[in-house]
Each structure stands twice: as C-alpha cells, then as structure tokens.
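Below: one structure, written as structure tokens.
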Amino acid sequence: MSASNVPLRWFALPVATVAIWSGNVVVTKLAATAIHPSVIAFERWVLALLLLTPFLLRPAWRLRREIRPHLPKLAVLGLLGMAAYQGLAYYAAETTSATKMGFVVSLVPLLTMALSSLLLAEAPALGMLAGGILSLLGLALLLGQGDPLAPFGGGLVPGDGMMLIACIAYSGYGVLLRRWPMPLPAWPSLYVQIVFATLFLLPGWLLAPAAPHSATAIGLVLYAGIPASILAPFLWMQAIRLLGPSRTSLFINLSPVMTAAIAMAVLGESLHLYHLAGGALVLLGVVLAQRSGRRPAPAAVTEAAE
C-alpha cells in the first residue's frame, strides 16, 4: 500500500507505542527514588505475567511440544530482552538522567545492525559505518555534557555505562530473534520469555531490602507492568501488520525526542545545547545507518517491551 493510501489513524499506533515506551523511561527515572530497582524490575513482569496468564496459559500449554525444544533459546531471550535490559535500566536511573537514557536507547537499531554484522556475518555497508561513527560522536558529546573527550577521561557516571550495556543486551535480543527463528506465535513466545524473566529476576527481589510500597511506587509498577509491557507490544504488532515493518520501525527515532519532552514536563529536567547537538548526531547517524544497511527483523522491537 502506498503512503498516500494509508489511513492517517494507523500512524497513531506506532506513535502511541513510542510515547508509552518513552514514558516508561521517565517512569524508570522516577522509580530510582521510590522503589528498589530489583523490586520494580521483578514486580512489573510478575504483574504482566498474571494479567496475561488467563489468555495465554492455555495456548502455550497446547503448544508445549513445539515450545519444549526452544526453551533454552526462550530463556536466553527472556534474560536479555527483559531481565537484563530493563533491570539494568532501573539501576542506571539512579545516577543518570531520563533525557540521556532516552538518547542512549535510540542507539538500539544501530547496535543491532553492528551485532548482526558480527554474529550473522552480514557485511556492514559504508553508510552504516559512517552512521555508526556519527552516532558515537553524538553519544560522546551527549554523555560528556558537551565535551566529547570527557567519557574517555573518566567523565561518565555509572548509570551511563549501565544504560549502554542494557542497550547492547537488548540489541543482542534482536539479533538472536533473527538467528533463532522459531515456529511459534508471537504472544505465546512472549509469554514464555516473561516466565523466564521473572525467574531470573526473582533472586534480586528476594534479596532486596524489605520496604512498604508507597502509592507512587504502586503507580510506577502498574505503568511498567501494563502499558509498557502489554499494551505497547500489542499496539506495535498491530502497527507492523497495518503499516509494514520498514515504515513502522522509523517511528522508533521519535523516542529520544518524546523522552526528553516528558522528562522536562514531569521531572523538570533541563534541555541543554549539548543534548540537542549530541542527540541530533545520534539520530542522524542511526537514520543514515538504517537507510544504508539492512534493517533488523521487526521482531527485535516487537516481542520485548522497553
């Protein structure tokens, strides 16, 4: 279907999805002062699991013979895409800003293409290499708060490094989805991954200091567990079905802009010139790489919630 024939209301699906995920970055930052990182990381997925079980337990059980051979792979996917990615993000939020987190997350498509070149033996295009260099320069400018050499001289806060590792884990999730094609429907596959994610996150929850949940903490868990973990993946899948993966994937580039806007409104974070300059270089590099290289499979941004 040509762009002129696409109903405008369909574009609301990816925009709403990216808005929810951008809001979740701000929720992650708010959680840093309201609830222990290990607690919200575990409880958001437990909540999603409890809500999805009435709808997906029976289909997953019917597919148990098809699922069983793929359990080790689904476990790794649950570890990377849910437990490691969001778990590290909650810890990162203790020392870095939501605005910076949003721009680091925007590197995921580029990191996915880079890992694809390493793990799937896909030769990187020249434009992808140029886009990577441009994005890395923008990231250095962003994390160095205007000084691109600061990250190399110890000018990073721990959260910056944690967020970058989290995004590498999520990129690995996307690459492995391509490397391990499984004959399973999307929702039962997602359900099993959530089961594994909760198991991986359980020890951290058990070891976390006991503390009563405030009303704020409960609200953050509800947002992370329902809109970010269930509604957003559903809307994204619908967008891919109606608009196609290539057209839908472009909307991911709205994430850092939306995150910065929400962080300014909710957290009172300031937008500095280095945010604009570094963020623009990051986004320009990602778009250049996406246009020049091979795009990651749509499942990379379909099956795991951000």
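Labels used: A, B, ... for chains in the order of the structure tokens, numbers from 1 for residues in each chain, and numbers from 1 for ligands as shown.
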
Counting only C-alpha atoms, which residues in region 216-287 of chain A sit no more than 12 Å from region 66-84 of chain A? For each one, give the nearest pair of atoms and the distance in Å, sorted by chain then residue number, as CSV.
```
residue,atom,partner,partner_atom,distance
A:Ala224,CA,A:Met82,CA,11.8
A:Gly225,CA,A:Met82,CA,11.7
A:Ala228,CA,A:Met82,CA,11.6
A:Ser229,CA,A:Met82,CA,9.6
```

Just to be explicit: take each residue in the selection above, keep N, CA and C atoms, and write the result as a tab-separated table (two decimals), in the first residue's frame.
```tsv
chain	number	residue	atom	x	y	z
A	224	ALA	N	4.62	0.32	34.41
A	224	ALA	CA	5.62	-0.54	33.78
A	224	ALA	C	5.05	-1.91	33.42
A	225	GLY	N	4.11	-2.41	34.24
A	225	GLY	CA	3.60	-3.75	34.03
A	225	GLY	C	2.47	-3.85	33.03
A	228	ALA	N	3.47	-0.43	29.43
A	228	ALA	CA	4.78	-0.65	28.82
A	228	ALA	C	5.04	-2.10	28.46
A	229	SER	N	4.47	-3.05	29.22
A	229	SER	CA	4.77	-4.46	29.00
A	229	SER	C	3.72	-5.21	28.17
```

Counting only C-alpha atoms, closest pick from A:Met258, A:Leu110, A:Leu13, A:Leu118 relative to Ile133 (chain A) is A:Leu110

**Study point:** Which residue of A:Met113, A:Val105, A:Phe42, A:Thr53 approaches Ile230 (chain A) most closely, using only C-alpha atoms
**Key:**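 Of all the options, A:Thr53 lies closest to Ile230 (chain A).
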
* Sel. of helix (DSSP H, G or I) residues, region 57-295 of chain A, as a PyMOL selection string -> chain A and resi 57-62+64-92+98-105+108-119+126-143+150-153+158-179+186-207+215-225+227-243+245-266+273-292

Mind checking which residues fall within 10 Å of Thr28 (chain A), counting only C-alpha atoms, ignoring those fewer than 4 positions away in the same chain, and posting them as a ChimeraX atom specification?
/A:22-24,32-35,37,40-41,86-87,89-94,98,101,220-221,224

Store the residues picked out above in a file with all heavy atoms, as a short mmCIF file (atom, residue, chain, number, x, y, z; two decimals), in the first residue's frame.
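New file out-v3.cif:
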```
data_model
loop_
_atom_site.label_atom_id
_atom_site.label_comp_id
_atom_site.auth_asym_id
_atom_site.auth_seq_id
_atom_site.Cartn_x
_atom_site.Cartn_y
_atom_site.Cartn_z
N SER A 22 8.54 5.80 25.76
CA SER A 22 9.25 6.99 26.21
C SER A 22 8.83 7.35 27.63
O SER A 22 9.66 7.72 28.48
CB SER A 22 8.98 8.17 25.28
OG SER A 22 9.42 7.88 23.96
N GLY A 23 7.54 7.24 27.89
CA GLY A 23 7.05 7.47 29.25
C GLY A 23 7.65 6.48 30.23
O GLY A 23 7.91 6.82 31.39
N ASN A 24 7.91 5.26 29.77
CA ASN A 24 8.49 4.26 30.66
C ASN A 24 9.92 4.61 31.06
O ASN A 24 10.37 4.24 32.14
CB ASN A 24 8.45 2.88 29.99
CG ASN A 24 8.77 1.77 30.97
OD1 ASN A 24 8.18 1.69 32.04
ND2 ASN A 24 9.71 0.91 30.61
N ALA A 32 13.73 5.42 40.68
CA ALA A 32 15.02 5.45 41.38
C ALA A 32 14.90 5.98 42.80
O ALA A 32 15.70 5.61 43.67
CB ALA A 32 16.02 6.30 40.58
N THR A 33 13.91 6.82 43.07
CA THR A 33 13.74 7.39 44.41
C THR A 33 12.49 6.85 45.11
O THR A 33 12.19 7.27 46.23
CB THR A 33 13.64 8.92 44.34
OG1 THR A 33 12.57 9.29 43.44
CG2 THR A 33 14.95 9.52 43.82
N ALA A 34 11.77 5.93 44.48
CA ALA A 34 10.50 5.47 45.05
C ALA A 34 10.48 3.99 45.38
O ALA A 34 9.71 3.55 46.24
CB ALA A 34 9.35 5.79 44.09
N ILE A 35 11.32 3.18 44.70
CA ILE A 35 11.26 1.74 44.87
C ILE A 35 12.61 1.15 44.47
O ILE A 35 13.28 1.68 43.57
CB ILE A 35 10.11 1.14 44.02
CG1 ILE A 35 9.94 -0.35 44.26
CG2 ILE A 35 10.28 1.44 42.55
CD1 ILE A 35 8.68 -0.92 43.61
N PRO A 37 15.42 -0.89 42.67
CA PRO A 37 15.47 -1.35 41.27
C PRO A 37 15.12 -2.82 41.09
O PRO A 37 14.40 -3.18 40.15
CB PRO A 37 16.93 -1.08 40.87
CG PRO A 37 17.37 0.01 41.76
CD PRO A 37 16.66 -0.19 43.06
N ILE A 40 11.07 -3.29 41.43
CA ILE A 40 10.22 -2.92 40.29
C ILE A 40 10.54 -3.76 39.07
O ILE A 40 9.65 -4.12 38.28
CB ILE A 40 10.32 -1.41 39.98
CG1 ILE A 40 9.28 -1.03 38.91
CG2 ILE A 40 11.72 -1.02 39.56
CD1 ILE A 40 9.16 0.45 38.66
N ALA A 41 11.82 -4.14 38.90
CA ALA A 41 12.18 -4.98 37.75
C ALA A 41 11.44 -6.30 37.80
O ALA A 41 10.98 -6.81 36.77
CB ALA A 41 13.70 -5.21 37.75
N GLN A 86 15.82 -4.18 31.09
CA GLN A 86 15.11 -3.27 31.97
C GLN A 86 15.67 -3.28 33.38
O GLN A 86 15.67 -2.25 34.06
CB GLN A 86 13.62 -3.63 32.00
CG GLN A 86 12.75 -2.56 32.65
CD GLN A 86 12.81 -1.22 31.95
OE1 GLN A 86 12.46 -1.10 30.79
NE2 GLN A 86 13.26 -0.19 32.67
N GLY A 87 16.20 -4.43 33.83
CA GLY A 87 16.80 -4.48 35.15
C GLY A 87 17.97 -3.52 35.27
O GLY A 87 18.10 -2.77 36.25
N ALA A 89 18.46 -0.91 33.41
CA ALA A 89 17.95 0.45 33.24
C ALA A 89 17.49 1.03 34.58
O ALA A 89 17.71 2.22 34.86
CB ALA A 89 16.81 0.47 32.23
N TYR A 90 16.86 0.21 35.42
CA TYR A 90 16.42 0.71 36.72
C TYR A 90 17.60 1.11 37.59
O TYR A 90 17.54 2.10 38.33
CB TYR A 90 15.57 -0.34 37.43
CG TYR A 90 14.18 -0.51 36.83
CD1 TYR A 90 13.74 -1.74 36.36
CD2 TYR A 90 13.32 0.58 36.72
CE1 TYR A 90 12.49 -1.89 35.80
CE2 TYR A 90 12.07 0.44 36.17
CZ TYR A 90 11.65 -0.79 35.70
OH TYR A 90 10.40 -0.93 35.14
N TYR A 91 18.68 0.35 37.52
CA TYR A 91 19.88 0.72 38.27
C TYR A 91 20.56 1.95 37.66
O TYR A 91 21.08 2.81 38.37
CB TYR A 91 20.85 -0.45 38.33
CG TYR A 91 20.51 -1.48 39.39
CD1 TYR A 91 19.81 -2.63 39.06
CD2 TYR A 91 20.88 -1.27 40.71
CE1 TYR A 91 19.48 -3.57 40.03
CE2 TYR A 91 20.56 -2.20 41.69
CZ TYR A 91 19.86 -3.35 41.35
OH TYR A 91 19.53 -4.27 42.32
N ALA A 92 20.55 2.03 36.32
CA ALA A 92 21.17 3.17 35.64
C ALA A 92 20.48 4.47 36.04
O ALA A 92 21.13 5.51 36.18
CB ALA A 92 21.10 2.98 34.13
N ALA A 93 19.17 4.41 36.23
CA ALA A 93 18.40 5.62 36.52
C ALA A 93 18.78 6.26 37.85
O ALA A 93 18.45 7.43 38.09
CB ALA A 93 16.91 5.30 36.52
N GLU A 94 19.48 5.52 38.69
CA GLU A 94 19.88 6.08 39.98
C GLU A 94 20.94 7.18 39.83
O GLU A 94 21.08 8.03 40.70
CB GLU A 94 20.40 4.98 40.90
CG GLU A 94 19.32 3.98 41.33
CD GLU A 94 19.84 2.95 42.31
OE1 GLU A 94 21.00 2.49 42.14
OE2 GLU A 94 19.08 2.59 43.23
N ALA A 98 16.91 10.88 32.70
CA ALA A 98 16.00 10.25 31.75
C ALA A 98 16.28 10.72 30.33
O ALA A 98 16.16 9.95 29.37
CB ALA A 98 14.55 10.55 32.13
N MET A 101 19.19 8.79 29.05
CA MET A 101 18.76 7.40 28.84
C MET A 101 18.00 7.26 27.53
O MET A 101 18.19 6.30 26.78
CB MET A 101 17.90 6.94 30.01
CG MET A 101 18.66 6.75 31.32
SD MET A 101 17.56 6.45 32.73
CE MET A 101 16.90 4.84 32.32
N LEU A 220 3.98 3.33 39.66
CA LEU A 220 5.08 3.07 38.73
C LEU A 220 5.08 1.61 38.29
O LEU A 220 5.32 1.32 37.10
CB LEU A 220 6.41 3.42 39.40
CG LEU A 220 6.60 4.90 39.80
CD1 LEU A 220 7.91 5.09 40.54
CD2 LEU A 220 6.56 5.79 38.57
N VAL A 221 4.85 0.70 39.21
CA VAL A 221 4.78 -0.73 38.85
C VAL A 221 3.62 -0.98 37.89
O VAL A 221 3.75 -1.74 36.91
CB VAL A 221 4.64 -1.60 40.12
CG1 VAL A 221 4.38 -3.06 39.74
CG2 VAL A 221 5.90 -1.51 40.98
N ALA A 224 4.62 0.32 34.41
CA ALA A 224 5.62 -0.54 33.78
C ALA A 224 5.05 -1.91 33.42
O ALA A 224 5.44 -2.51 32.42
CB ALA A 224 6.82 -0.70 34.71
#
```

| Closest of A:Val108, A:Val46, A:Ala197, A:Leu119 to Ser249 (chain A) - atom-to-atom distances counting only C-alpha atoms |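 When distances to Ser249 (chain A) are compared using only C-alpha atoms, the smallest one comes from A:Val108.
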
*asked:* Please determine, counting only C-alpha atoms, which residue among A:Gly279, A:Gly244, A:Gly102, A:Gly285 has the shortest atom-to-atom distance to Cys167 (chain A).
replied: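 Closest to Cys167 (chain A), using only C-alpha atoms: A:Gly102.
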